[in-house]
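Participant: Before I ask anything, here is the structure I am working with.
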Amino acid sequence: MTMTTNDTTASSGTNDRLDNTTTCFPISYGSIAFYLGKDHIHANPTATHRWTLYVRSPDTTYDLSQSISKVIFQLHPSFPQPTRELTQPPFEVTEMGWGEFEASIRIVWREEAEERPVLLTHFIKLYPSNAPASADPSTYMTTTVPVVSERYDEVVFTNPKVVFHKQLLDGQQVQQQTKNKKRKKNIQLAYPLSHEASVIEHFRTYGDEMDVKAMLAAREFLQKELRTVKDRLIKVDEELEEVKDRLAAAVSESSTAASATAAATTTAGQRE
């Protein structure tokens, strides 16, 4: 899964913004919850599950640290320090608890991006969707098969700053060819995909079919956005020309009125 960008006009300086450019930044976020089993629950009734809430890239070789400054997780107020701020990936929080709840996730971009933070919400699921309402979880859950709830989304940047656009592209880890050109190896990230090995095993994978669908949808979105921007520019130009015509007409009318007043004053003076 790679980032999609449509760049038509580049500005000169790094502090400028790219014109007619829309960049789609793919992200995945969600939770993975493991049932801890009867023995653990008997010892600690308030901790039925161990779960991890996270934000990651669908592309496991993409370096999120290039573009994200920090991620702030807002948990249920019953947790100690319910606000968790992480400034380095992996962006995740792991806790134990017994209840499902909705958490908020705020993604803050690098300062030089000058982009607004993105606010997401995610409902942390501990039980399968088809779980019996009153049944004992131990009758239909195991400690090895987690409940995975993950969503794929794309953050859209319109006319991003040149420096931030470069940072987004720099996050893509390029495959290096080995001496044997038939084989390739991926550059390893400087951080683990998760601090929880069991969580990594259950991350969703995004295959070629989903890539194609996402790229087609992104392309359609980009074309629509560009048409909208162009229509707005045309409308602004038309309104600007209309304002200029009105201003010119007002100036001309004012000038004519002033000339008429001056002529009338001169005539009156001659009569006197």
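In the structure tokens, the first chain shown is A, the next is B, and so on; residue numbers restart at 1 for each chain, and ligands run from 1 in the order shown.
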Based on the backbone DSSP call, show me all residues of range 50-170 of chain A assigned alpha helix (DSSP H), as a PyMOL selection string.

Facilitator: chain A and resi 162-170

Participant: DSSP on the backbone, then: every residue of range 21-227 of chain A marked strand (DSSP E), written as an MDAnalysis selection string.

Facilitator: chainID A and resid 22:35 49:56 68:74 83:86 91:97 101:109 118:124 147:158 176:177 184:185

Participant: Can you tell me which residues surround Phe101 in chain A at a distance of at most 12 Å, considering only C-alpha atoms, apart from same-chain residues fewer than 2 positions away, and format the answer as JSON, numbers by chain?

Facilitator: {"A": [31, 51, 53, 74, 75, 76, 77, 78, 79, 97, 98, 99, 103, 104, 121, 122, 123, 124, 125, 126, 127]}

Participant: Any chance you can output those residues with C-alpha atoms as an mmCIF file, in the first residue's frame?

Facilitator:
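Once everything was written out, this is result-v5.cif:
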data_model
loop_
_atom_site.group_PDB
_atom_site.id
_atom_site.type_symbol
_atom_site.label_atom_id
_atom_site.label_comp_id
_atom_site.auth_asym_id
_atom_site.auth_seq_id
_atom_site.Cartn_x
_atom_site.Cartn_y
_atom_site.Cartn_z
ATOM 1 C CA SER A 31 -7.606 -2.503 18.309
ATOM 2 C CA TRP A 51 -5.900 -5.037 24.302
ATOM 3 C CA LEU A 53 -5.086 0.388 20.484
ATOM 4 C CA GLN A 74 -7.799 9.470 24.885
ATOM 5 C CA LEU A 75 -8.974 6.454 26.876
ATOM 6 C CA HIS A 76 -11.921 5.962 29.213
ATOM 7 C CA PRO A 77 -11.519 8.179 32.316
ATOM 8 C CA SER A 78 -11.450 5.104 34.551
ATOM 9 C CA PHE A 79 -7.912 4.322 33.348
ATOM 10 C CA GLY A 97 -9.707 -4.157 31.249
ATOM 11 C CA TRP A 98 -13.177 -5.660 31.221
ATOM 12 C CA GLY A 99 -15.360 -3.187 29.305
ATOM 13 C CA ALA A 103 -11.514 5.992 22.400
ATOM 14 C CA SER A 104 -10.343 9.043 20.482
ATOM 15 C CA THR A 121 -12.650 7.659 17.062
ATOM 16 C CA HIS A 122 -12.474 3.922 17.569
ATOM 17 C CA PHE A 123 -14.662 1.553 19.556
ATOM 18 C CA ILE A 124 -12.467 -0.968 21.365
ATOM 19 C CA LYS A 125 -14.131 -4.358 20.882
ATOM 20 C CA LEU A 126 -13.448 -7.135 23.353
ATOM 21 C CA TYR A 127 -16.044 -9.631 22.171
#

Participant: Have a look at CA of Ala47 in chain A and CA of Glu95 in chain A and let me know their distance in Å, one decimal.

Facilitator: 9.1 Å

Participant: Given only C-alpha atoms as the basis, pick out the residue of A:Val147, A:Val108, A:Ile72, A:Leu64 nearest to His49 in chain A.

Facilitator: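 Of all the options, A:Val147 lies closest to His49 in chain A.
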
Participant: Could you make a table, as CSV, of the residues of range 49-119 of chain A that have an atom within 12 Å of an atom of range 188-198 of chain A, each with its nearest atom pair and distance in Å to one decimal, counting only C-alpha atoms, in chain and number order?

Facilitator:
residue,atom,partner,partner_atom,distance
A:Arg50,CA,A:Glu196,CA,10.8
A:Trp51,CA,A:Glu196,CA,10.0
A:Thr52,CA,A:Glu196,CA,8.3
A:Leu53,CA,A:Ser194,CA,10.5
A:Tyr54,CA,A:Ser194,CA,8.8
A:Val55,CA,A:Ser194,CA,10.1
A:Arg56,CA,A:Leu193,CA,7.9
A:Ser57,CA,A:Leu193,CA,9.3
A:Pro58,CA,A:Leu193,CA,10.8
A:Asp59,CA,A:Leu193,CA,10.6
A:Thr60,CA,A:Leu193,CA,7.3
A:Thr61,CA,A:Leu189,CA,6.6
A:Tyr62,CA,A:Leu189,CA,7.8
A:Asp63,CA,A:Leu189,CA,6.6
A:Leu64,CA,A:Leu189,CA,9.7
A:Ser65,CA,A:Tyr191,CA,9.6
A:Gln66,CA,A:Leu189,CA,11.5
A:Gln88,CA,A:Tyr191,CA,8.7
A:Pro89,CA,A:Tyr191,CA,6.7
A:Pro90,CA,A:Ser194,CA,5.6
A:Phe91,CA,A:Ser194,CA,8.1
A:Glu92,CA,A:Ser194,CA,7.5
A:Val93,CA,A:His195,CA,9.6
A:Thr94,CA,A:Glu196,CA,8.5
A:Glu95,CA,A:Glu196,CA,11.4

Participant: Could you dump the residues just selected with N, CA, C and O atoms as an mmCIF file, in the first residue's frame?

Facilitator:
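result00.cif written:
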data_model
loop_
_atom_site.group_PDB
_atom_site.id
_atom_site.type_symbol
_atom_site.label_atom_id
_atom_site.label_comp_id
_atom_site.auth_asym_id
_atom_site.auth_seq_id
_atom_site.Cartn_x
_atom_site.Cartn_y
_atom_site.Cartn_z
ATOM 1 N N ARG A 50 -6.669 -8.267 27.474
ATOM 2 C CA ARG A 50 -5.494 -7.420 27.238
ATOM 3 C C ARG A 50 -5.623 -6.916 25.799
ATOM 4 O O ARG A 50 -5.717 -7.720 24.863
ATOM 5 N N TRP A 51 -5.679 -5.588 25.632
ATOM 6 C CA TRP A 51 -5.900 -5.037 24.302
ATOM 7 C C TRP A 51 -4.858 -3.977 23.946
ATOM 8 O O TRP A 51 -4.223 -3.380 24.821
ATOM 9 N N THR A 52 -4.698 -3.796 22.658
ATOM 10 C CA THR A 52 -3.788 -2.778 22.138
ATOM 11 C C THR A 52 -4.540 -1.911 21.146
ATOM 12 O O THR A 52 -5.170 -2.412 20.208
ATOM 13 N N LEU A 53 -4.490 -0.609 21.381
ATOM 14 C CA LEU A 53 -5.086 0.388 20.484
ATOM 15 C C LEU A 53 -3.942 1.037 19.708
ATOM 16 O O LEU A 53 -2.932 1.409 20.299
ATOM 17 N N TYR A 54 -4.093 1.193 18.402
ATOM 18 C CA TYR A 54 -2.930 1.617 17.608
ATOM 19 C C TYR A 54 -3.308 2.434 16.372
ATOM 20 O O TYR A 54 -4.452 2.430 15.905
ATOM 21 N N VAL A 55 -2.297 3.130 15.855
ATOM 22 C CA VAL A 55 -2.326 3.764 14.535
ATOM 23 C C VAL A 55 -1.081 3.279 13.809
ATOM 24 O O VAL A 55 0.019 3.314 14.362
ATOM 25 N N ARG A 56 -1.231 2.823 12.585
ATOM 26 C CA ARG A 56 -0.095 2.316 11.835
ATOM 27 C C ARG A 56 -0.276 2.601 10.353
ATOM 28 O O ARG A 56 -1.330 3.095 9.928
ATOM 29 N N SER A 57 0.730 2.279 9.572
ATOM 30 C CA SER A 57 0.631 2.386 8.117
ATOM 31 C C SER A 57 0.236 1.028 7.554
ATOM 32 O O SER A 57 0.751 -0.003 8.004
ATOM 33 N N PRO A 58 -0.651 0.988 6.557
ATOM 34 C CA PRO A 58 -0.970 -0.286 5.907
ATOM 35 C C PRO A 58 0.266 -0.897 5.232
ATOM 36 O O PRO A 58 0.348 -2.106 5.067
ATOM 37 N N ASP A 59 1.192 -0.023 4.853
ATOM 38 C CA ASP A 59 2.459 -0.458 4.274
ATOM 39 C C ASP A 59 3.439 -0.664 5.432
ATOM 40 O O ASP A 59 3.872 0.300 6.069
ATOM 41 N N THR A 60 3.794 -1.906 5.705
ATOM 42 C CA THR A 60 4.632 -2.209 6.872
ATOM 43 C C THR A 60 6.065 -1.719 6.718
ATOM 44 O O THR A 60 6.856 -1.841 7.653
ATOM 45 N N THR A 61 6.419 -1.160 5.550
ATOM 46 C CA THR A 61 7.764 -0.607 5.365
ATOM 47 C C THR A 61 7.765 0.917 5.410
ATOM 48 O O THR A 61 8.812 1.544 5.243
ATOM 49 N N TYR A 62 6.584 1.518 5.625
ATOM 50 C CA TYR A 62 6.491 2.987 5.616
ATOM 51 C C TYR A 62 6.884 3.550 6.974
ATOM 52 O O TYR A 62 6.426 3.094 8.016
ATOM 53 N N ASP A 63 7.721 4.593 6.966
ATOM 54 C CA ASP A 63 8.225 5.206 8.194
ATOM 55 C C ASP A 63 7.321 6.370 8.603
ATOM 56 O O ASP A 63 7.400 7.467 8.045
ATOM 57 N N LEU A 64 6.473 6.139 9.594
ATOM 58 C CA LEU A 64 5.528 7.170 10.044
ATOM 59 C C LEU A 64 6.212 8.354 10.721
ATOM 60 O O LEU A 64 5.649 9.449 10.784
ATOM 61 N N SER A 65 7.423 8.155 11.237
ATOM 62 C CA SER A 65 8.109 9.230 11.953
ATOM 63 C C SER A 65 8.489 10.382 11.026
ATOM 64 O O SER A 65 8.783 11.483 11.498
ATOM 65 N N GLN A 66 8.471 10.150 9.722
ATOM 66 C CA GLN A 66 8.818 11.207 8.773
ATOM 67 C C GLN A 66 7.743 12.288 8.699
ATOM 68 O O GLN A 66 8.045 13.435 8.359
ATOM 69 N N GLN A 88 6.897 8.926 19.299
ATOM 70 C CA GLN A 88 7.658 8.050 18.414
ATOM 71 C C GLN A 88 6.843 6.797 18.126
ATOM 72 O O GLN A 88 6.135 6.299 18.996
ATOM 73 N N PRO A 89 6.933 6.258 16.905
ATOM 74 C CA PRO A 89 6.264 4.987 16.637
ATOM 75 C C PRO A 89 7.011 3.832 17.297
ATOM 76 O O PRO A 89 8.199 3.986 17.604
ATOM 77 N N PRO A 90 6.342 2.733 17.543
ATOM 78 C CA PRO A 90 4.949 2.456 17.177
ATOM 79 C C PRO A 90 3.966 3.245 18.038
ATOM 80 O O PRO A 90 4.143 3.346 19.255
ATOM 81 N N PHE A 91 2.950 3.793 17.384
ATOM 82 C CA PHE A 91 1.941 4.584 18.080
ATOM 83 C C PHE A 91 0.859 3.626 18.581
ATOM 84 O O PHE A 91 -0.052 3.253 17.831
ATOM 85 N N GLU A 92 0.970 3.231 19.844
ATOM 86 C CA GLU A 92 0.045 2.245 20.392
ATOM 87 C C GLU A 92 -0.037 2.372 21.904
ATOM 88 O O GLU A 92 0.870 2.892 22.555
ATOM 89 N N VAL A 93 -1.143 1.899 22.438
ATOM 90 C CA VAL A 93 -1.360 1.828 23.878
ATOM 91 C C VAL A 93 -1.879 0.431 24.196
ATOM 92 O O VAL A 93 -2.816 -0.046 23.552
ATOM 93 N N THR A 94 -1.275 -0.226 25.175
ATOM 94 C CA THR A 94 -1.704 -1.557 25.593
ATOM 95 C C THR A 94 -2.164 -1.510 27.041
ATOM 96 O O THR A 94 -1.458 -0.978 27.903
ATOM 97 N N GLU A 95 -3.340 -2.048 27.291
ATOM 98 C CA GLU A 95 -3.918 -2.035 28.635
ATOM 99 C C GLU A 95 -4.695 -3.328 28.879
ATOM 100 O O GLU A 95 -4.929 -4.112 27.956
#

Participant: Could you tell me how far CA of Glu225 in chain A lies from CA of Arg17 in chain A, in Å and to one decimal?

Facilitator: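 CA of Glu225 in chain A sits 16.5 Å away from CA of Arg17 in chain A.
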